[in-house]
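One file, my_file_2.txt, carrying compact mmCIF, C-alpha atoms:
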# COMPACT_ATOMS: atom_id res chain seq x y z
CA MET A 1 25.50 3.13 22.39
CA GLU A 2 21.79 2.90 23.10
CA LYS A 3 19.23 5.61 22.49
CA ARG A 4 15.69 5.60 23.82
CA ILE A 5 13.04 7.12 21.58
CA TYR A 6 9.62 7.96 22.90
CA VAL A 7 6.91 7.02 20.41
CA SER A 8 3.80 9.17 20.60
CA THR A 9 0.29 8.06 19.70
CA ILE A 10 0.24 7.72 15.93
CA TYR A 11 -3.01 7.93 14.00
CA THR A 12 -2.10 10.00 10.97
CA SER A 13 0.82 10.84 8.70
CA GLY A 14 1.26 14.06 10.68
CA HIS A 15 1.86 12.09 13.88
CA LEU A 16 4.20 9.76 12.01
CA GLN A 17 6.38 12.70 10.96
CA GLN A 18 7.50 13.17 14.57
CA LEU A 19 8.76 9.60 14.70
CA LEU A 20 10.37 9.86 11.27
CA THR A 21 12.17 13.05 12.24
CA ILE A 22 13.75 11.40 15.25
CA LEU A 23 14.56 8.18 13.43
CA ASN A 24 16.11 10.09 10.53
CA GLN A 25 18.62 11.68 12.87
CA PHE A 26 19.89 8.23 13.72
CA LEU A 27 19.72 6.83 10.23
CA THR A 28 21.82 9.66 8.84
CA ASP A 29 24.28 9.50 11.74
CA SER A 30 27.38 7.56 10.76
CA ASN A 31 27.80 6.29 14.33
CA ALA A 32 25.59 3.25 14.56
CA THR A 33 23.16 3.40 17.43
CA ASP A 34 20.98 0.77 19.01
CA ILE A 35 17.48 2.14 19.35
CA ILE A 36 14.94 1.30 22.03
CA LEU A 37 11.39 2.39 21.34
CA ASP A 38 9.49 3.48 24.43
CA PHE A 39 5.69 3.43 24.12
CA SER A 40 4.79 4.91 27.49
CA LYS A 41 3.26 7.91 25.67
CA CYS A 42 1.54 5.86 22.98
CA THR A 43 -2.07 4.68 23.07
CA PHE A 44 -2.49 3.82 19.39
CA LEU A 45 -0.14 2.77 16.62
CA ALA A 46 -1.48 3.05 13.08
CA GLN A 47 -0.41 0.85 10.18
CA ASN A 48 2.01 3.47 8.85
CA ALA A 49 3.99 3.38 12.10
CA VAL A 50 4.05 -0.43 12.08
CA ALA A 51 5.48 -0.45 8.55
CA VAL A 52 8.07 2.20 9.46
CA ILE A 53 9.18 0.41 12.62
CA GLY A 54 9.53 -2.85 10.66
CA GLY A 55 11.53 -1.12 7.94
CA MET A 56 13.77 0.72 10.38
CA ALA A 57 14.53 -2.50 12.24
CA SER A 58 15.70 -4.14 9.02
CA PHE A 59 17.74 -1.05 8.10
CA LEU A 60 19.49 -0.92 11.47
CA LYS A 61 20.15 -4.66 11.44
CA LEU A 62 21.79 -4.32 8.03
CA HIS A 63 24.05 -1.62 9.47
CA GLY A 64 25.02 -3.58 12.56
CA SER A 65 22.64 -1.88 14.99
CA SER A 66 19.36 -2.96 16.47
CA LEU A 67 15.86 -1.74 17.16
CA THR A 68 14.06 -3.15 20.15
CA LEU A 69 10.73 -2.39 21.76
CA ASP A 70 10.47 -1.71 25.48
CA ARG A 71 7.53 -4.05 25.83
CA GLU A 72 6.97 -3.07 29.44
CA THR A 73 5.74 0.27 28.09
CA LEU A 74 3.33 -1.20 25.53
CA ILE A 75 -0.31 -1.16 26.47
CA SER A 76 -2.03 -4.50 26.14
CA LYS A 77 -4.05 -3.83 22.99
CA ILE A 78 -0.99 -2.61 21.04
CA ASN A 79 1.09 -5.51 22.33
CA ILE A 80 -1.54 -8.00 21.16
CA ASN A 81 -1.95 -6.23 17.82
CA LEU A 82 1.80 -6.26 17.14
CA ALA A 83 2.00 -9.93 18.07
CA GLN A 84 -0.96 -10.79 15.88
CA ASN A 85 0.09 -8.74 12.85
CA GLY A 86 3.59 -10.23 12.86
CA LEU A 87 5.71 -7.16 13.64
CA LEU A 88 7.03 -8.72 16.86
CA ASN A 89 8.01 -11.82 14.91
CA HIS A 90 9.80 -9.63 12.34
CA LEU A 91 11.71 -7.93 15.16
CA GLY A 92 12.91 -11.30 16.45
CA TYR A 93 10.50 -11.83 19.33
CA PRO A 94 9.26 -15.41 19.74
CA HIS A 95 5.67 -14.75 18.70
CA THR A 96 4.09 -16.51 15.78
CA PRO A 97 1.50 -14.24 14.16
CA TRP A 98 -2.04 -15.55 13.97
CA ASP A 99 -5.01 -14.83 11.79
CA GLY A 100 -7.30 -12.32 13.41
CA ASN A 101 -8.82 -8.94 12.84
CA SER A 102 -5.55 -7.10 12.39
CA ILE A 103 -4.08 -6.86 8.91
CA PRO A 104 -0.63 -8.47 8.89
CA PHE A 105 2.67 -6.65 8.64
CA ARG A 106 4.52 -7.87 5.57
CA HIS A 107 8.13 -7.81 4.40
CA ASP A 108 8.93 -8.78 0.82
CA LEU A 109 12.43 -8.97 -0.57
CA PHE A 110 11.16 -9.38 -4.11
CA LEU A 111 7.88 -8.98 -6.01
CA ASN A 112 6.30 -12.22 -4.83
CA LYS A 113 3.22 -11.97 -7.03
CA LYS A 114 1.25 -14.83 -5.56
CA ALA A 115 1.92 -13.94 -1.93
CA ILE A 116 1.23 -10.22 -2.37
CA ALA A 117 -1.96 -10.94 -4.33
CA CYS A 118 -3.07 -13.26 -1.54
CA TYR A 119 -2.21 -10.61 1.07
CA LEU A 120 -4.25 -7.94 -0.68
CA ASN A 121 -7.18 -10.20 -1.56
CA GLU A 122 -7.44 -12.27 1.60
CA HIS A 123 -5.94 -10.22 4.42
CA TRP A 124 -6.52 -6.63 3.37
CA LEU A 125 -9.72 -6.64 1.32
CA GLY A 126 -11.06 -10.08 2.11
CA LYS A 127 -11.94 -10.00 5.77
CA GLY A 128 -15.62 -9.46 5.11
CA TRP A 129 -15.50 -5.86 6.31
CA LEU A 130 -15.93 -4.45 2.83
CA ASN A 131 -19.20 -4.03 1.06
CA ILE A 132 -17.67 -4.35 -2.38
CA SER A 133 -18.16 -6.57 -5.39
CA LYS A 134 -15.62 -9.10 -6.66
CA ASP A 135 -15.19 -6.84 -9.65
CA LEU A 136 -14.36 -3.78 -7.58
CA LYS A 137 -12.05 -5.82 -5.39
CA GLU A 138 -10.10 -6.81 -8.49
CA HIS A 139 -9.90 -3.18 -9.59
CA ILE A 140 -8.51 -2.12 -6.22
CA VAL A 141 -5.93 -4.92 -6.08
CA CYS A 142 -4.79 -4.08 -9.62
CA LYS A 143 -4.18 -0.46 -8.59
CA VAL A 144 -2.33 -1.37 -5.40
CA ILE A 145 -0.10 -3.91 -7.13
CA GLU A 146 1.17 -1.01 -9.26
CA ILE A 147 2.59 0.51 -6.09
CA TYR A 148 4.40 -2.69 -5.13
CA GLY A 149 5.73 -2.92 -8.69
CA ASN A 150 6.98 0.67 -8.55
CA ALA A 151 8.67 0.10 -5.20
CA PHE A 152 10.59 -2.93 -6.44
CA ASP A 153 11.34 -1.40 -9.81
CA HIS A 154 12.50 2.04 -8.74
CA SER A 155 13.75 1.97 -5.15
CA TYR A 156 17.05 0.10 -5.73
CA SER A 157 16.84 -1.06 -2.12
CA ASP A 158 18.27 -4.36 -0.87
CA LEU A 159 15.84 -4.23 2.03
CA GLY A 160 12.74 -4.85 -0.05
CA VAL A 161 9.27 -3.55 0.72
CA PHE A 162 7.37 -3.34 4.01
CA SER A 163 3.63 -3.06 4.28
CA CYS A 164 0.85 -3.06 6.82
CA GLY A 165 -2.86 -2.36 6.75
CA GLN A 166 -5.54 -1.24 9.16
CA TYR A 167 -9.32 -1.27 9.16
CA TYR A 168 -11.22 1.50 10.94
CA PRO A 169 -14.79 0.21 11.44
CA ASN A 170 -16.23 3.48 12.77
CA LYS A 171 -15.07 5.47 9.76
CA LYS A 172 -15.54 2.52 7.40
CA GLN A 173 -12.03 3.18 6.17
CA LEU A 174 -9.41 0.74 5.03
CA LYS A 175 -5.78 1.82 4.97
CA LEU A 176 -2.58 0.37 3.63
CA THR A 177 0.99 1.62 3.93
CA ILE A 178 3.73 0.45 1.58
CA LEU A 179 7.26 1.46 2.46
CA ASP A 180 10.70 1.14 0.93
CA LEU A 181 14.00 2.59 2.11
CA GLY A 182 15.39 3.18 -1.35
CA VAL A 183 16.66 6.17 -3.31
CA GLY A 184 13.26 7.84 -3.61
CA ILE A 185 11.33 9.53 -6.37
CA PRO A 186 13.12 12.94 -6.36
CA ALA A 187 16.58 11.36 -6.81
CA ASN A 188 15.39 9.16 -9.67
CA VAL A 189 13.75 12.08 -11.48
CA ARG A 190 16.73 14.41 -10.92
CA LYS A 191 19.11 11.81 -12.31
CA PHE A 192 16.86 11.10 -15.28
CA GLN A 193 16.42 14.76 -16.12
CA ALA A 194 20.04 15.60 -15.25
CA ILE A 195 18.82 18.50 -13.09
CA LEU A 196 20.45 17.93 -9.73
CA ASP A 197 18.69 20.82 -8.00
CA LEU A 198 15.21 20.05 -9.28
CA PRO A 199 12.86 20.85 -6.36
CA GLU A 200 11.26 17.84 -4.67
CA GLU A 201 7.74 19.00 -5.43
CA ASP A 202 8.51 19.38 -9.15
CA ALA A 203 10.13 15.95 -9.26
CA ILE A 204 7.23 14.17 -7.61
CA LYS A 205 4.67 16.03 -9.74
CA TRP A 206 6.56 14.99 -12.89
CA ALA A 207 6.45 11.34 -11.80
CA PHE A 208 2.64 11.47 -11.63
CA GLN A 209 2.20 12.63 -15.20
CA GLN A 210 1.06 10.05 -17.74
CA GLY A 211 3.95 8.79 -19.87
CA ASN A 212 6.71 10.01 -17.56
CA SER A 213 9.06 7.28 -16.39
CA THR A 214 12.66 7.25 -15.24
CA LYS A 215 12.99 3.77 -16.74
CA LEU A 216 13.45 3.68 -20.49
CA THR A 217 12.90 0.50 -22.45
CA PRO A 218 13.55 0.28 -26.19
CA LYS A 219 10.38 0.46 -28.30
CA MET A 220 8.16 0.64 -25.24
CA ALA A 221 5.98 3.34 -23.73
CA ARG A 222 6.07 3.37 -19.93
CA GLY A 223 5.05 5.64 -17.09
CA ASN A 224 1.50 4.57 -16.31
CA GLY A 225 1.61 3.34 -12.72
CA LEU A 226 1.21 6.46 -10.61
CA GLU A 227 -1.21 8.00 -13.08
CA ILE A 228 -3.40 4.90 -12.93
CA ILE A 229 -3.63 5.03 -9.14
CA LYS A 230 -4.22 8.78 -9.15
CA SER A 231 -6.96 8.38 -11.73
CA PHE A 232 -8.66 5.68 -9.62
CA ILE A 233 -8.60 7.85 -6.49
CA GLN A 234 -9.95 10.85 -8.39
CA LYS A 235 -12.82 8.96 -10.03
CA ASN A 236 -14.11 7.65 -6.72
CA GLN A 237 -15.27 9.22 -3.48
CA GLY A 238 -13.54 9.37 -0.12
CA GLY A 239 -10.23 7.81 -1.12
CA LYS A 240 -6.83 9.32 -0.52
CA LEU A 241 -3.30 8.63 -1.70
CA GLU A 242 -0.30 10.12 0.06
CA ILE A 243 3.33 9.70 -0.92
CA TYR A 244 6.30 10.86 1.14
CA SER A 245 9.57 10.36 -0.65
CA HIS A 246 12.90 11.92 0.34
CA GLY A 247 11.43 15.35 0.91
CA GLY A 248 8.78 15.18 -1.79
CA ILE A 249 5.10 14.94 -0.87
CA ALA A 250 2.08 14.12 -3.02
CA LYS A 251 -1.47 14.13 -1.67
CA ILE A 252 -4.23 12.99 -3.99
CA THR A 253 -7.95 13.11 -3.25
CA GLN A 254 -11.02 13.11 -5.47
CA ASN A 255 -11.04 16.88 -5.87
CA ASN A 256 -7.45 17.81 -5.39
CA ASP A 257 -3.87 16.87 -6.04
CA GLU A 258 -1.09 18.74 -4.35
CA TYR A 259 2.67 18.36 -4.45
CA GLY A 260 5.06 19.81 -1.94
CA ARG A 261 8.16 19.27 0.11
CA GLN A 262 8.93 18.56 3.74
CA ASP A 263 11.80 20.23 5.54
CA ILE A 264 13.10 17.08 7.19
CA PRO A 265 13.02 14.46 4.47
CA PHE A 266 12.34 10.84 5.21
CA GLN A 267 15.07 8.56 3.79
CA GLY A 268 12.70 6.34 1.85
CA THR A 269 9.28 6.28 0.25
CA ILE A 270 6.03 5.84 2.14
CA VAL A 271 2.80 5.30 0.22
CA ASN A 272 -0.45 5.53 2.19
CA ILE A 273 -3.72 4.49 0.58
CA ASN A 274 -7.04 5.19 2.27
CA LEU A 275 -10.23 3.71 0.86
CA VAL A 276 -13.87 3.88 1.86
CA CYS A 277 -15.36 0.43 2.29
CA ASP A 278 -18.53 0.70 0.29
CA SER A 279 -19.33 0.06 -3.37
CA LYS A 280 -21.58 3.11 -3.59
CA TYR A 281 -18.50 5.35 -3.49
CA TYR A 282 -16.95 3.75 -6.57
CA PHE A 283 -17.48 4.20 -10.25
CA LEU A 284 -15.45 1.76 -12.28
CA ASP A 285 -13.58 2.67 -15.44
CA SER A 286 -15.31 0.03 -17.50
CA GLU A 287 -18.70 1.58 -16.78
CA LEU A 288 -17.52 4.72 -18.52
CA GLN A 289 -16.38 2.92 -21.60
CA LYS A 290 -18.15 1.16 -24.39
CA GLN A 291 -16.95 -2.43 -24.33
CA ASP A 292 -17.14 -2.63 -28.11
CA GLN A 293 -14.95 0.43 -28.65
CA PRO A 294 -11.76 -0.47 -30.55
CA PHE A 295 -8.75 -0.96 -28.29
CA PHE A 296 -6.10 0.42 -30.65
CA MET B 1 -4.44 -16.33 -42.58
CA GLU B 2 -5.67 -18.45 -39.68
CA ARG B 3 -7.43 -17.88 -36.40
CA LYS B 4 -5.14 -18.56 -33.45
CA THR B 5 -5.95 -18.54 -29.75
CA VAL B 6 -3.26 -17.95 -27.15
CA THR B 7 -4.18 -18.82 -23.56
CA VAL B 8 -2.35 -16.29 -21.41
CA SER B 9 -2.52 -18.29 -18.17
CA GLN B 10 -0.58 -21.13 -19.82
CA LEU B 11 2.27 -18.68 -20.42
CA ILE B 12 2.39 -16.68 -17.18
CA GLY B 13 -0.07 -18.17 -14.68
CA SER B 14 -2.67 -16.05 -12.94
CA TYR B 15 -0.78 -12.77 -12.62
CA GLY B 16 0.06 -10.37 -15.43
CA ILE B 17 2.16 -7.84 -13.56
CA THR B 18 5.76 -7.45 -14.65
CA LEU B 19 7.52 -6.54 -17.89
CA ASN B 20 8.80 -10.09 -18.07
CA ASP B 21 5.26 -11.48 -17.85
CA GLY B 22 4.35 -9.18 -20.71
CA ARG B 23 7.37 -10.13 -22.78
CA GLU B 24 6.31 -13.79 -22.61
CA VAL B 25 2.96 -12.91 -24.11
CA TYR B 26 4.44 -10.55 -26.67
CA ALA B 27 6.87 -13.24 -27.83
CA SER B 28 4.01 -15.65 -28.40
CA ILE B 29 1.82 -13.31 -30.46
CA GLN B 30 4.18 -11.02 -32.37
CA ALA B 31 5.10 -13.56 -35.02
CA LEU B 32 1.51 -14.77 -35.36
CA LEU B 33 0.39 -11.21 -36.04
CA ALA B 34 3.27 -10.59 -38.46
CA GLN B 35 2.14 -13.65 -40.43
CA GLY B 36 -1.28 -12.10 -40.82
CA ASN B 37 -3.14 -14.38 -38.44
CA ILE B 38 -6.13 -13.30 -36.40
CA VAL B 39 -5.11 -13.78 -32.81
CA THR B 40 -7.33 -14.07 -29.75
CA LEU B 41 -5.70 -13.62 -26.37
CA ASN B 42 -7.69 -15.60 -23.85
CA PHE B 43 -7.29 -14.18 -20.34
CA GLN B 44 -9.30 -16.90 -18.59
CA ASP B 45 -7.89 -17.45 -15.07
CA VAL B 46 -5.70 -14.34 -15.15
CA THR B 47 -6.92 -12.32 -12.21
CA LEU B 48 -4.40 -9.59 -11.61
CA PHE B 49 -2.99 -7.02 -14.03
CA ALA B 50 -0.56 -4.14 -13.83
CA SER B 51 0.57 -1.64 -16.42
CA PRO B 52 4.13 -2.98 -17.00
CA PHE B 53 2.60 -6.26 -18.15
CA PHE B 54 0.37 -4.59 -20.73
CA ASN B 55 3.14 -2.20 -21.82
CA ALA B 56 5.32 -5.18 -22.77
CA ALA B 57 2.62 -7.59 -23.94
CA ILE B 58 0.38 -5.29 -25.98
CA GLY B 59 1.58 -1.68 -25.97
CA GLN B 60 4.81 -2.33 -27.81
CA LEU B 61 2.93 -3.97 -30.69
CA LEU B 62 2.14 -0.40 -31.75
CA SER B 63 5.82 0.05 -32.63
CA GLU B 64 5.41 -2.55 -35.41
CA PHE B 65 1.76 -2.61 -36.40
CA LYS B 66 -0.75 0.08 -37.30
CA SER B 67 -3.75 0.61 -35.00
CA ASP B 68 -6.19 -0.46 -37.71
CA TYR B 69 -4.29 -3.67 -38.30
CA LEU B 70 -4.30 -4.53 -34.60
CA ASN B 71 -8.00 -3.72 -34.28
CA GLU B 72 -8.68 -6.24 -37.05
CA HIS B 73 -6.19 -8.92 -36.00
CA LEU B 74 -5.98 -8.95 -32.20
CA TYR B 75 -8.91 -9.77 -29.91
CA PHE B 76 -9.25 -10.24 -26.17
CA ASP B 77 -11.42 -12.85 -24.50
CA ASN B 78 -12.29 -13.18 -20.83
CA LEU B 79 -10.46 -10.00 -19.92
CA SER B 80 -11.77 -8.82 -16.57
CA SER B 81 -13.15 -5.35 -16.03
CA ALA B 82 -9.99 -4.39 -14.11
CA GLY B 83 -7.76 -5.71 -16.88
CA HIS B 84 -9.87 -3.91 -19.44
CA GLY B 85 -9.43 -0.59 -17.63
CA THR B 86 -5.67 -0.95 -17.21
CA LEU B 87 -5.21 -2.02 -20.84
CA ARG B 88 -7.11 1.00 -22.13
CA GLN B 89 -5.01 3.37 -20.05
CA VAL B 90 -1.80 1.70 -21.20
CA LEU B 91 -2.84 1.90 -24.85
CA LYS B 92 -3.81 5.55 -24.53
CA ASN B 93 -0.29 6.29 -23.29
CA ALA B 94 1.32 3.99 -25.87
CA LYS B 95 -0.52 5.64 -28.77
CA ALA B 96 0.63 9.08 -27.57
CA TYR B 97 4.18 7.76 -27.33
CA TYR B 98 4.32 6.09 -30.74
CA ASN B 99 2.57 8.99 -32.45
CA ASN B 100 5.11 11.43 -31.05
CA GLU B 101 8.26 11.12 -33.09
CA LEU B 102 10.12 13.61 -30.90
CA THR B 103 9.46 11.53 -27.78
CA ARG B 104 10.59 8.32 -29.41
CA GLU B 105 13.72 9.93 -30.80
CA ALA B 106 14.57 11.37 -27.39
CA VAL B 107 14.15 7.94 -25.77
CA ASP B 108 16.27 6.26 -28.43
CA ARG B 109 18.96 8.91 -28.07
CA VAL B 110 19.14 8.50 -24.27
CA LEU B 111 19.26 4.71 -24.58
CA HIS B 112 21.97 4.94 -27.20
CA GLU B 113 24.04 7.32 -25.06
CA ALA B 114 23.60 5.00 -22.07
CA ALA B 115 24.69 2.02 -24.16
CA ILE B 116 27.92 3.64 -25.34
CA ALA B 117 28.76 5.37 -22.05
Would you mind giving the structure from this file in structure tokens?
Amino acid sequence: MEKRIYVSTIYTSGHLQQLLTILNQFLTDSNATDIILDFSKCTFLAQNAVAVIGGMASFLKLHGSSLTLDRETLISKININLAQNGLLNHLGYPHTPWDGNSIPFRHDLFLNKKAIACYLNEHWLGKGWLNISKDLKEHIVCKVIEIYGNAFDHSYSDLGVFSCGQYYPNKKQLKLTILDLGVGIPANVRKFQAILDLPEEDAIKWAFQQGNSTKLTPKMARGNGLEIIKSFIQKNQGGKLEIYSHGGIAKITQNNDEYGRQDIPFQGTIVNINLVCDSKYYFLDSELQKQDQPFF
Amino acid sequence: MERKTVTVSQLIGSYGITLNDGREVYASIQALLAQGNIVTLNFQDVTLFASPFFNAAIGQLLSEFKSDYLNEHLYFDNLSSAGHGTLRQVLKNAKAYYNNELTREAVDRVLHEAAIA
């Protein structure tokens, strides 16, 4: 059975929710369905949608179904962008991605340190569109790699991790979406705390607190990753971190952190990072600290 | 007591990210510290750091050695600003963890229950 889904123009996470809602109905349906995406109502496709479409295609393939694009309905600039960033190649179309101004779509089945570091350094941050120092670049990559580490460590997904970035020159914003289709933060926290009805917002808030981890290792403190990213966003201007995970939502900005739930949960975890592309908005940790202060 | 230098990139390459990366480093310095040596970890050519690496490499040393001892016996060379920031955050969390007996006991109890389940 085939089902046609109309993809609307997707700029923000709010727009993406419409697509996720429709896709979720098929993902939770036991009867496998082949999906055709129709873009006749779509004039822009942000990086979050690209990552989701790539992830959904892998999910459906694993379950014996397929996801295809009705390319007749794609406007030229989206068609070129999807060819260039590698999504079409991922979906099985005979297009080899090429290096250009779009930030590539990426699918990793394991934490390929070298390749992901290269992706973040060269393709995401390294296109010359950022007015940032080498030092700041390293800080940003170190924070983002925490997210990849978390996804591989906690999602328990055989499908790996999907990511895609986008640069918005007018707003001087750089965005990255990292997606997994695993068990999600609320389920991990509920299992760890043995509270099966723990609300999503409480679970996701718990995961952000320093020292909280659902992974225990003998003689070892853990639970730094999300707190480190949150702290980076909150010490600098204009950045934003959003996490959507199986009904739980976290939105972190410099002046605010809020945790909530969404009525129609997405069966996976989406992390969106927005950064402003200018050094003047950043204040690095090391500048706050005396280098000669004892470590221990 | 001797001065020993451990070059991190020779153990793990350019990326200190995972627990396993950290365990490699921990395994190479734990005994040196236990013997009373002064150890310098040289991070030349290590360009990427994440908290699991530092938790395993450095944080867990606090389970065996006092803070004062580590301040006098373990030094870091060529650690980038980003690595410096992540290490400090990891150690802040590790100190809270190791100073909190209730937390450690709770972790040990859960691990023990998981092991015998």
May I have a table of the residues of chain B lying at most 9 Å from chain A, giving each one's closest pair of atoms and their distance in Å to one decimal, counting all atoms listed in the file, ordered by chain and ascending residue number, as CSV?
residue,atom,partner,partner_atom,distance
B:Ser14,CA,A:Lys114,CA,8.4
B:Tyr15,CA,A:Lys113,CA,6.9
B:Ile17,CA,A:Gly149,CA,7.8
B:Thr18,CA,A:Gly149,CA,7.5
B:Thr47,CA,A:Glu138,CA,7.4
B:Leu48,CA,A:Cys142,CA,5.9
B:Phe49,CA,A:Cys142,CA,5.6
B:Ala50,CA,A:Glu146,CA,5.8
B:Ser51,CA,A:Asn224,CA,6.3
B:Pro52,CA,A:Arg222,CA,7.3
B:Asn55,CA,A:Ala221,CA,6.5
B:Ala56,CA,A:Met220,CA,6.9
B:Gly59,CA,A:Met220,CA,7.0
B:Gln60,CA,A:Met220,CA,5.2
B:Leu61,CA,A:Met220,CA,8.8
B:Leu62,CA,A:Phe296,CA,8.4
B:Ser63,CA,A:Lys219,CA,6.3
B:Lys66,CA,A:Phe296,CA,8.5
B:Ser67,CA,A:Phe296,CA,4.9
B:Asp68,CA,A:Phe296,CA,7.1
B:Tyr69,CA,A:Phe296,CA,8.9
B:Leu70,CA,A:Phe296,CA,6.6
B:Asn71,CA,A:Phe296,CA,5.8
B:Tyr75,CA,A:Phe295,CA,9.0
B:Ser80,CA,A:Asp135,CA,8.0
B:Ser81,CA,A:Ser286,CA,6.0
B:Ala82,CA,A:His139,CA,4.7
B:Gly83,CA,A:His139,CA,8.0
B:His84,CA,A:Ser286,CA,7.0
B:Gly85,CA,A:Asp285,CA,5.7
B:Thr86,CA,A:Ile228,CA,7.6
B:Leu87,CA,A:Phe295,CA,8.3
B:Arg88,CA,A:Phe295,CA,6.7
B:Gln89,CA,A:Ile228,CA,7.5
B:Val90,CA,A:Asn224,CA,6.6
B:Leu91,CA,A:Phe296,CA,6.8
B:Lys92,CA,A:Phe296,CA,8.3
B:Asn93,CA,A:Gly211,CA,6.0
B:Ala94,CA,A:Ala221,CA,5.2
B:Lys95,CA,A:Phe296,CA,7.9
B:Ala96,CA,A:Gly211,CA,8.4
B:Tyr97,CA,A:Ala221,CA,6.0
B:Tyr98,CA,A:Ala221,CA,7.7
B:Arg104,CA,A:Lys219,CA,7.9
B:Val107,CA,A:Leu216,CA,6.8
B:Asp108,CA,A:Pro218,CA,6.9
B:Val110,CA,A:Leu216,CA,8.4
B:Leu111,CA,A:Leu216,CA,7.2
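Going from CA of Ile78 in chain A over to CA of Leu45 in chain A, you cover 7.0 Å.
If you look at CA of Leu109 in chain A and CA of Ser157 in chain A, they are 9.2 Å away from each other.
As for CA of Lys251 in chain A and CA of Phe208 in chain A, they are spaced 11.1 Å apart.
Distances to Glu24 in chain B were evaluated for B:Thr5, B:Asn99, B:Gln10, B:Asn37 using all atoms listed in the file, and the minimum falls at B:Gln10.
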Legend entry - range 159-166 of chain A environment, 8 Å, all atoms listed in the file, sequence neighbours closer than 6 positions dropped, as number ranges by chain: A: 46-48, 50-52, 54-55, 58-59, 102-110, 124, 148, 151-152, 174-181
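Nearest to Lys3 in chain A of all the residues A:Leu69, A:Asp158, A:Asn236, A:Lys77 is A:Leu69, counting all atoms listed in the file.
Residue nearest Phe65 in chain B, chosen from B:Leu79, B:Val25, B:Ala34, B:Val39 and counting all atoms listed in the file: B:Ala34.
Proximity to Ala27 in chain B was assessed for B:His73, B:Ala57, B:Lys4, B:Glu101 counting only C-alpha atoms; the smallest distance is recorded for B:Ala57.
Considering the residues A:Phe266, A:Trp129, A:Tyr6, A:Phe232 and counting all atoms listed in the file, Tyr167 in chain A has its shortest atom-to-atom contact with A:Trp129.
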Legend entry - Surrounding residues of Asn24 in chain A excluding itself and chain neighbours under 5 positions, 9 Å, only C-alpha atoms, as a PyMOL selection string: chain A and resi 19+29+264-267
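Nearest residue to Asn20 in chain B, choosing from B:Gln35, B:Phe53, B:Asn100, B:Ile58 and counting all atoms listed in the file: B:Phe53.
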